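What follows is the content of coords.pdb, which has PDB, C-alpha atoms:
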ATOM      1  CA  MET A  21     -40.573 -31.013  32.479
ATOM      2  CA  SER A  22     -37.421 -31.350  30.515
ATOM      3  CA  ILE A  23     -35.240 -28.490  29.558
ATOM      4  CA  THR A  24     -33.675 -28.739  26.187
ATOM      5  CA  THR A  25     -31.051 -26.427  24.946
ATOM      6  CA  THR A  26     -30.287 -25.817  21.376
ATOM      7  CA  PRO A  27     -26.651 -26.416  20.611
ATOM      8  CA  ALA A  28     -24.730 -23.493  19.217
ATOM      9  CA  PRO A  29     -24.359 -23.641  15.457
ATOM     10  CA  PRO A  30     -21.007 -25.038  14.397
ATOM     11  CA  ARG A  31     -18.419 -22.413  13.772
ATOM     12  CA  ASN A  32     -17.566 -22.042  10.110
ATOM     13  CA  THR A  33     -13.803 -22.581  10.055
ATOM     14  CA  LYS A  34     -13.406 -21.401   6.470
ATOM     15  CA  ALA A  35     -15.160 -18.093   7.225
ATOM     16  CA  LEU A  36     -13.021 -17.618  10.334
ATOM     17  CA  VAL A  37      -9.802 -18.244   8.378
ATOM     18  CA  LEU A  38     -10.911 -15.814   5.656
ATOM     19  CA  ASP A  39     -11.781 -13.210   8.307
ATOM     20  CA  VAL A  40      -8.340 -13.551   9.878
ATOM     21  CA  LEU A  41      -6.560 -13.384   6.503
ATOM     22  CA  SER A  42      -8.622 -10.367   5.476
ATOM     23  CA  ALA A  43      -7.852  -8.598   8.743
ATOM     24  CA  LEU A  44      -4.150  -9.335   8.305
ATOM     25  CA  ALA A  45      -4.281  -8.062   4.711
ATOM     26  CA  ARG A  46      -6.037  -4.840   5.685
ATOM     27  CA  PHE A  47      -3.820  -4.031   8.645
ATOM     28  CA  PHE A  48      -0.628  -5.072   6.824
ATOM     29  CA  MET A  49      -1.388  -2.778   3.884
ATOM     30  CA  ALA A  50      -2.251   0.020   6.314
ATOM     31  CA  TYR A  51       1.175  -0.505   7.898
ATOM     32  CA  VAL A  52       2.910  -0.509   4.485
ATOM     33  CA  TRP A  53       1.313   2.785   3.442
ATOM     34  CA  LEU A  54       1.869   4.440   6.823
ATOM     35  CA  ASP A  55       5.493   3.292   6.966
ATOM     36  CA  ALA A  56       6.224   4.536   3.453
ATOM     37  CA  GLY A  57       4.385   7.825   3.927
ATOM     38  CA  ILE A  58       5.757   8.740   7.342
ATOM     39  CA  ALA A  59       9.316   8.234   6.051
ATOM     40  CA  LYS A  60       8.631  10.881   3.397
ATOM     41  CA  LEU A  61       7.121  13.525   5.685
ATOM     42  CA  GLY A  62       9.362  16.457   6.442
ATOM     43  CA  VAL A  63      12.098  15.483   3.971
ATOM     44  CA  PRO A  64      10.875  16.904   0.650
ATOM     45  CA  LEU A  65      14.386  17.429  -0.705
ATOM     46  CA  ASP A  66      15.294  13.763  -0.162
ATOM     47  CA  VAL A  67      12.024  12.677  -1.771
ATOM     48  CA  THR A  68      12.643  15.097  -4.655
ATOM     49  CA  LYS A  69      16.085  13.524  -5.272
ATOM     50  CA  THR A  70      14.498  10.067  -5.241
ATOM     51  CA  ILE A  71      11.837  11.080  -7.767
ATOM     52  CA  GLU A  72      14.392  12.856  -9.972
ATOM     53  CA  ALA A  73      16.512   9.676 -10.060
ATOM     54  CA  TYR A  74      13.791   8.019 -12.148
ATOM     55  CA  GLU A  75      14.371  10.659 -14.861
ATOM     56  CA  ILE A  76      10.660  10.870 -15.651
ATOM     57  CA  PHE A  77       9.649  14.252 -14.236
ATOM     58  CA  THR A  78      11.218  17.698 -14.357
ATOM     59  CA  SER A  79      12.741  19.116 -11.184
ATOM     60  CA  ASP A  80       9.650  21.260 -10.596
ATOM     61  CA  TRP A  81       7.279  18.304 -10.962
ATOM     62  CA  SER A  82       9.522  16.145  -8.772
ATOM     63  CA  TYR A  83       9.485  18.835  -6.079
ATOM     64  CA  LEU A  84       5.686  19.098  -6.276
ATOM     65  CA  LEU A  85       5.227  15.317  -6.119
ATOM     66  CA  ALA A  86       7.643  15.143  -3.181
ATOM     67  CA  HIS A  87       5.281  17.326  -1.165
ATOM     68  CA  ILE A  88       2.198  15.319  -2.133
ATOM     69  CA  ILE A  89       3.211  11.673  -2.067
ATOM     70  CA  GLY A  90       4.015  11.269   1.647
ATOM     71  CA  PRO A  91       0.770  12.789   2.938
ATOM     72  CA  LEU A  92      -1.224  10.780   0.382
ATOM     73  CA  GLU A  93       0.416   7.538   1.494
ATOM     74  CA  VAL A  94      -0.280   8.367   5.142
ATOM     75  CA  ALA A  95      -3.905   9.206   4.302
ATOM     76  CA  GLY A  96      -4.293   5.902   2.448
ATOM     77  CA  GLY A  97      -2.823   4.003   5.384
ATOM     78  CA  LEU A  98      -5.166   5.712   7.825
ATOM     79  CA  LEU A  99      -8.196   4.968   5.635
ATOM     80  CA  LEU A 100      -7.269   1.280   5.609
ATOM     81  CA  LEU A 101      -6.445   1.216   9.309
ATOM     82  CA  LEU A 102      -9.762   2.800  10.252
ATOM     83  CA  GLY A 103     -11.707   0.847   7.657
ATOM     84  CA  ILE A 104     -13.076   3.907   5.908
ATOM     85  CA  LYS A 105     -14.396   3.133   2.414
ATOM     86  CA  LEU A 106     -12.414  -0.099   2.110
ATOM     87  CA  HIS A 107     -13.268  -0.761  -1.542
ATOM     88  CA  TRP A 108     -12.483   2.801  -2.595
ATOM     89  CA  SER A 109      -9.259   2.813  -0.549
ATOM     90  CA  GLY A 110      -8.258  -0.487  -2.117
ATOM     91  CA  LYS A 111      -8.875   0.787  -5.638
ATOM     92  CA  VAL A 112      -6.777   3.886  -5.021
ATOM     93  CA  SER A 113      -4.062   1.707  -3.497
ATOM     94  CA  ILE A 114      -3.967  -0.529  -6.579
ATOM     95  CA  ILE A 115      -3.853   2.489  -8.923
ATOM     96  CA  VAL A 116      -0.950   4.051  -7.000
ATOM     97  CA  LEU A 117       0.947   0.750  -6.863
ATOM     98  CA  THR A 118       0.422   0.327 -10.610
ATOM     99  CA  LEU A 119       1.866   3.800 -11.218
ATOM    100  CA  PHE A 120       4.848   2.918  -9.024
ATOM    101  CA  ILE A 121       5.360  -0.291 -11.015
ATOM    102  CA  ILE A 122       5.293   1.656 -14.298
ATOM    103  CA  GLY A 123       7.989   3.976 -12.946
ATOM    104  CA  LEU A 124      10.095   1.061 -11.699
ATOM    105  CA  VAL A 125       9.859  -0.853 -14.975
ATOM    106  CA  SER A 126      10.651   2.311 -16.918
ATOM    107  CA  ALA A 127      13.782   2.918 -14.838
ATOM    108  CA  TRP A 128      14.836  -0.732 -15.145
ATOM    109  CA  GLN A 129      14.346  -0.759 -18.925
ATOM    110  CA  ARG A 130      16.486   2.352 -19.283
ATOM    111  CA  GLY A 131      19.248   0.728 -17.223
ATOM    112  CA  LEU A 132      19.050   3.157 -14.310
ATOM    113  CA  VAL A 133      20.804   1.970 -11.180
ATOM    114  CA  ILE A 134      18.841   3.639  -8.402
ATOM    115  CA  ASP A 135      17.292   3.019  -5.027
ATOM    116  CA  CYS A 136      13.512   2.952  -5.336
ATOM    117  CA  GLY A 137      13.162   5.344  -2.379
ATOM    118  CA  CYS A 138      10.002   3.582  -1.336
ATOM    119  CA  PHE A 139      10.548   3.449   2.412
ATOM    120  CA  ASP A 140      13.678   5.531   3.035
ATOM    121  CA  PRO A 141      14.043   8.516   0.744
ATOM    122  CA  SER A 142      17.172   9.649   2.584
ATOM    123  CA  GLN A 143      19.045   6.805   0.843
ATOM    124  CA  ALA A 144      18.416   8.278  -2.620
ATOM    125  CA  GLY A 145      21.529   8.135  -4.745
ATOM    126  CA  GLU A 146      23.514   6.223  -2.113
ATOM    127  CA  GLY A 147      22.768   2.745  -3.282
ATOM    128  CA  GLU A 148      20.723   0.652  -5.571
ATOM    129  CA  SER A 149      17.832  -1.675  -5.189
ATOM    130  CA  ASN A 150      16.854  -4.494  -7.445
ATOM    131  CA  LEU A 151      14.029  -2.778  -9.265
ATOM    132  CA  LEU A 152      12.516  -6.039 -10.523
ATOM    133  CA  VAL A 153      12.354  -7.402  -6.970
ATOM    134  CA  THR A 154      10.583  -4.184  -6.012
ATOM    135  CA  VAL A 155       8.124  -4.707  -8.882
ATOM    136  CA  VAL A 156       7.394  -8.233  -7.629
ATOM    137  CA  ARG A 157       6.897  -6.864  -4.108
ATOM    138  CA  ASP A 158       4.459  -4.261  -5.418
ATOM    139  CA  LEU A 159       2.605  -6.945  -7.395
ATOM    140  CA  ALA A 160       2.286  -8.901  -4.145
ATOM    141  CA  TYR A 161       0.899  -5.749  -2.491
ATOM    142  CA  ILE A 162      -1.658  -5.498  -5.305
ATOM    143  CA  ALA A 163      -2.673  -9.137  -4.729
ATOM    144  CA  ILE A 164      -3.014  -8.560  -0.978
ATOM    145  CA  THR A 165      -5.079  -5.440  -1.607
ATOM    146  CA  GLY A 166      -7.250  -7.298  -4.123
ATOM    147  CA  PHE A 167      -7.945 -10.003  -1.541
ATOM    148  CA  MET A 168      -8.772  -7.330   1.024
ATOM    149  CA  MET A 169     -11.247  -5.790  -1.415
ATOM    150  CA  TRP A 170     -12.778  -9.149  -2.351
ATOM    151  CA  ARG A 171     -13.364 -10.052   1.277
ATOM    152  CA  PRO A 172     -13.149  -6.893   3.366
ATOM    153  CA  PHE A 173     -12.659  -7.279   7.099
ATOM    154  CA  LYS A 174     -15.483  -5.060   8.294
ATOM    155  CA  LYS A 175     -15.001  -5.473  12.011
ATOM    156  CA  PHE A 176     -13.384  -2.471  13.621
ATOM    157  CA  ALA A 177     -14.248  -0.482  10.509
ATOM    158  CA  VAL A 178     -15.648   3.020  10.756
ATOM    159  CA  TYR A 179     -17.434   2.681   7.447
ATOM    160  CA  PRO A 180     -16.799  -0.380   5.308
TER
END
Represent the structure of the file as structure tokens.
Amino acid sequence: MSITTTPAPPRNTKALVLDVLSALARFFMAYVWLDAGIAKLGVPLDVTKTIEAYEIFTSDWSYLLAHIIGPLEVAGGLLLLLGIKLHWSGKVSIIVLTLFIIGLVSAWQRGLVIDCGCFDPSQAGEGESNLLVTVVRDLAYIAITGFMMWRPFKKFAVYP
């Protein structure tokens, strides 16, 4: 009587690499949104000054947006971190990043010298950032999010 064992199927290296890259994309974007959102919590006046610097919204609208944007960014980061509705979260992320890019390009075209206020709203009005570099960064975030949506990392997800 001979005992034969079936060898384990070969591990698909390409799938493993894509899984790792997708996990990194998902958790990196969760970090980005959480970092940006947490910095805006509890400092609505700083966020209002940052939004007003773009000269797009009235003071009232800037104040309203200042109270909304931080919690929304934190919520988006938590959705990505927990893996809740990954495709929907990714779509919302891309829409918000696109809106940010429109604001950045608008400010750049009008020659405004401002800090984007993306991750530290307390610096509003104290310095400047290269708005085009920020646009490129946000385009990279859109690409990372698109990859995450194309190949979502479903492990450790509450509801992919």
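Separating CA of Asp158 (chain A) from CA of Glu72 (chain A) is a distance of 20.3 Å.
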> Hey, which of A:Thr154, A:Lys34, A:Leu54, A:Ile104 ends up closest to Trp128 (chain A)? Count all atoms listed in the file.
Replying inline: A:Thr154
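Between CA of His87 (chain A) and CA of Val112 (chain A) lies a distance of 18.5 Å.
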> So what does the PyMOL selection byres ((chain A and resi 98) around 12) actually pick up in this one, as a PyMOL selection string?
Replying inline: chain A and resi 46-55+57-58+91-97+99-106+109+177-178
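Counting all atoms listed in the file, the residue from A:Leu159, A:Val67, A:Leu117, A:Arg171 that sits nearest to Val37 (chain A) is A:Arg171.
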> Near region 162-170 of chain A, counting only C-alpha atoms, which residues have an atom at most 6 Å away, once you skip same-chain residues fewer than 5 positions from it, shown as a PyMOL selection string?
Replying inline: chain A and resi 42+45-46+107+110+114
> Using only C-alpha atoms, which residue out of A:Ala35, A:Thr68, A:Leu151, A:Leu85 lies closest to Ser126 (chain A)?
Replying inline: A:Leu151
May I have the centre and edge lengths, in Å to one decimal, of an axis-aligned box around the listed atoms of region 114-126 of chain A with 4 Å added to every side, as lines of an AutoDock Vina configuration file?
center_x = 3.3
center_y = 1.6
center_z = -11.7
size_x = 22.6
size_y = 12.9
size_z = 18.3
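The shortest atom-to-atom distance to Gly62 (chain A), with all atoms listed in the file taken into account, belongs to A:Ile88 out of A:Leu38, A:Leu132, A:Ile88, A:Lys174.
Closest approach to Gly131 (chain A) from the set A:Ser113, A:Thr118, A:Ser82, A:Asn150 is made by A:Asn150, with distances taken over all atoms listed in the file.
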>> So that I can see what lies close to Ser79 (chain A), please list as a list in words the residues with an atom at most 12 Å from it, counting all atoms listed in the file and leaving out residues fewer than 4 positions away in the same chain.
In response: Leu65, Val67, Thr68, Lys69, Thr70, Ile71, Glu72, Ala73, Tyr74, Glu75, Tyr83, Leu84, Leu85 and Ala86 of chain A
Kindly save the residues from that selection, with C-alpha atoms included, as an mmCIF file, in the frame of the given file.
data_model
loop_
_atom_site.group_PDB
_atom_site.id
_atom_site.type_symbol
_atom_site.label_atom_id
_atom_site.label_comp_id
_atom_site.auth_asym_id
_atom_site.auth_seq_id
_atom_site.Cartn_x
_atom_site.Cartn_y
_atom_site.Cartn_z
ATOM 1 C CA LEU A 65 14.386 17.429 -0.705
ATOM 2 C CA VAL A 67 12.024 12.677 -1.771
ATOM 3 C CA THR A 68 12.643 15.097 -4.655
ATOM 4 C CA LYS A 69 16.085 13.524 -5.272
ATOM 5 C CA THR A 70 14.498 10.067 -5.241
ATOM 6 C CA ILE A 71 11.837 11.080 -7.767
ATOM 7 C CA GLU A 72 14.392 12.856 -9.972
ATOM 8 C CA ALA A 73 16.512 9.676 -10.060
ATOM 9 C CA TYR A 74 13.791 8.019 -12.148
ATOM 10 C CA GLU A 75 14.371 10.659 -14.861
ATOM 11 C CA TYR A 83 9.485 18.835 -6.079
ATOM 12 C CA LEU A 84 5.686 19.098 -6.276
ATOM 13 C CA LEU A 85 5.227 15.317 -6.119
ATOM 14 C CA ALA A 86 7.643 15.143 -3.181
#
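Around Phe120 (chain A), within 9 Å and counting only C-alpha atoms, the residues found are A:Ile115, A:Val116, A:Leu124, A:Val125, A:Val155, A:Asp158, once anything fewer than 4 positions away on its own chain is removed.
For the pair CA of Ser149 (chain A) and CA of Cys136 (chain A), the separation is 6.3 Å.
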Output file request: region 66-133 of chain A, with C-alpha atoms, as a PDB file, in the first residue's frame.
ATOM      1  CA  ASP A  66      -8.340  77.501  10.744  1.00  0.00           C
ATOM      2  CA  VAL A  67     -10.105  75.365   8.138  1.00  0.00           C
ATOM      3  CA  THR A  68     -12.402  78.294   7.297  1.00  0.00           C
ATOM      4  CA  LYS A  69      -9.357  80.539   6.677  1.00  0.00           C
ATOM      5  CA  THR A  70      -7.848  77.858   4.441  1.00  0.00           C
ATOM      6  CA  ILE A  71     -11.041  77.529   2.395  1.00  0.00           C
ATOM      7  CA  GLU A  72     -11.461  81.312   2.163  1.00  0.00           C
ATOM      8  CA  ALA A  73      -7.906  81.613   0.790  1.00  0.00           C
ATOM      9  CA  TYR A  74      -9.080  79.890  -2.397  1.00  0.00           C
ATOM     10  CA  GLU A  75     -11.503  82.796  -2.987  1.00  0.00           C
ATOM     11  CA  ILE A  76     -14.199  80.469  -4.311  1.00  0.00           C
ATOM     12  CA  PHE A  77     -16.781  80.433  -1.519  1.00  0.00           C
ATOM     13  CA  THR A  78     -18.321  83.142   0.635  1.00  0.00           C
ATOM     14  CA  SER A  79     -17.359  83.318   4.302  1.00  0.00           C
ATOM     15  CA  ASP A  80     -20.607  81.594   5.291  1.00  0.00           C
ATOM     16  CA  TRP A  81     -20.071  78.728   2.844  1.00  0.00           C
ATOM     17  CA  SER A  82     -16.425  78.422   3.893  1.00  0.00           C
ATOM     18  CA  TYR A  83     -17.491  78.195   7.540  1.00  0.00           C
ATOM     19  CA  LEU A  84     -20.086  75.529   6.702  1.00  0.00           C
ATOM     20  CA  LEU A  85     -17.608  73.501   4.632  1.00  0.00           C
ATOM     21  CA  ALA A  86     -15.033  73.795   7.421  1.00  0.00           C
ATOM     22  CA  HIS A  87     -17.391  71.930   9.737  1.00  0.00           C
ATOM     23  CA  ILE A  88     -18.170  69.227   7.177  1.00  0.00           C
ATOM     24  CA  ILE A  89     -14.913  68.415   5.428  1.00  0.00           C
ATOM     25  CA  GLY A  90     -12.912  67.006   8.363  1.00  0.00           C
ATOM     26  CA  PRO A  91     -15.577  64.552   9.538  1.00  0.00           C
ATOM     27  CA  LEU A  92     -16.204  63.461   5.937  1.00  0.00           C
ATOM     28  CA  GLU A  93     -12.507  62.776   5.389  1.00  0.00           C
ATOM     29  CA  VAL A  94     -12.334  60.786   8.628  1.00  0.00           C
ATOM     30  CA  ALA A  95     -15.444  58.816   7.631  1.00  0.00           C
ATOM     31  CA  GLY A  96     -13.924  58.044   4.225  1.00  0.00           C
ATOM     32  CA  GLY A  97     -10.696  56.892   5.850  1.00  0.00           C
ATOM     33  CA  LEU A  98     -12.565  54.629   8.250  1.00  0.00           C
ATOM     34  CA  LEU A  99     -14.616  53.108   5.420  1.00  0.00           C
ATOM     35  CA  LEU A 100     -11.412  52.260   3.555  1.00  0.00           C
ATOM     36  CA  LEU A 101      -9.646  51.016   6.672  1.00  0.00           C
ATOM     37  CA  LEU A 102     -12.515  48.708   7.586  1.00  0.00           C
ATOM     38  CA  GLY A 103     -13.165  47.698   3.996  1.00  0.00           C
ATOM     39  CA  ILE A 104     -16.773  48.828   3.990  1.00  0.00           C
ATOM     40  CA  LYS A 105     -18.177  49.239   0.467  1.00  0.00           C
ATOM     41  CA  LEU A 106     -14.741  49.520  -1.139  1.00  0.00           C
ATOM     42  CA  HIS A 107     -15.990  50.410  -4.625  1.00  0.00           C
ATOM     43  CA  TRP A 108     -18.402  53.036  -3.325  1.00  0.00           C
ATOM     44  CA  SER A 109     -15.754  54.465  -0.974  1.00  0.00           C
ATOM     45  CA  GLY A 110     -13.287  54.604  -3.846  1.00  0.00           C
ATOM     46  CA  LYS A 111     -15.733  56.428  -6.102  1.00  0.00           C
ATOM     47  CA  VAL A 112     -16.458  59.023  -3.433  1.00  0.00           C
ATOM     48  CA  SER A 113     -12.725  59.397  -2.826  1.00  0.00           C
ATOM     49  CA  ILE A 114     -12.075  60.054  -6.521  1.00  0.00           C
ATOM     50  CA  ILE A 115     -14.935  62.584  -6.706  1.00  0.00           C
ATOM     51  CA  VAL A 116     -13.635  64.488  -3.664  1.00  0.00           C
ATOM     52  CA  LEU A 117     -10.056  64.458  -4.973  1.00  0.00           C
ATOM     53  CA  THR A 118     -11.305  65.744  -8.331  1.00  0.00           C
ATOM     54  CA  LEU A 119     -13.101  68.611  -6.581  1.00  0.00           C
ATOM     55  CA  PHE A 120      -9.914  69.404  -4.659  1.00  0.00           C
ATOM     56  CA  ILE A 121      -7.952  69.421  -7.927  1.00  0.00           C
ATOM     57  CA  ILE A 122     -10.463  71.828  -9.499  1.00  0.00           C
ATOM     58  CA  GLY A 123     -10.021  74.180  -6.541  1.00  0.00           C
ATOM     59  CA  LEU A 124      -6.227  73.919  -6.697  1.00  0.00           C
ATOM     60  CA  VAL A 125      -6.075  74.559 -10.442  1.00  0.00           C
ATOM     61  CA  SER A 126      -8.490  77.465 -10.076  1.00  0.00           C
ATOM     62  CA  ALA A 127      -6.313  79.058  -7.388  1.00  0.00           C
ATOM     63  CA  TRP A 128      -3.151  78.462  -9.430  1.00  0.00           C
ATOM     64  CA  GLN A 129      -4.672  79.959 -12.587  1.00  0.00           C
ATOM     65  CA  ARG A 130      -5.698  83.076 -10.685  1.00  0.00           C
ATOM     66  CA  GLY A 131      -2.158  83.454  -9.330  1.00  0.00           C
ATOM     67  CA  LEU A 132      -3.066  82.885  -5.687  1.00  0.00           C
ATOM     68  CA  VAL A 133      -0.109  82.153  -3.449  1.00  0.00           C
TER      69      VAL A 133
END
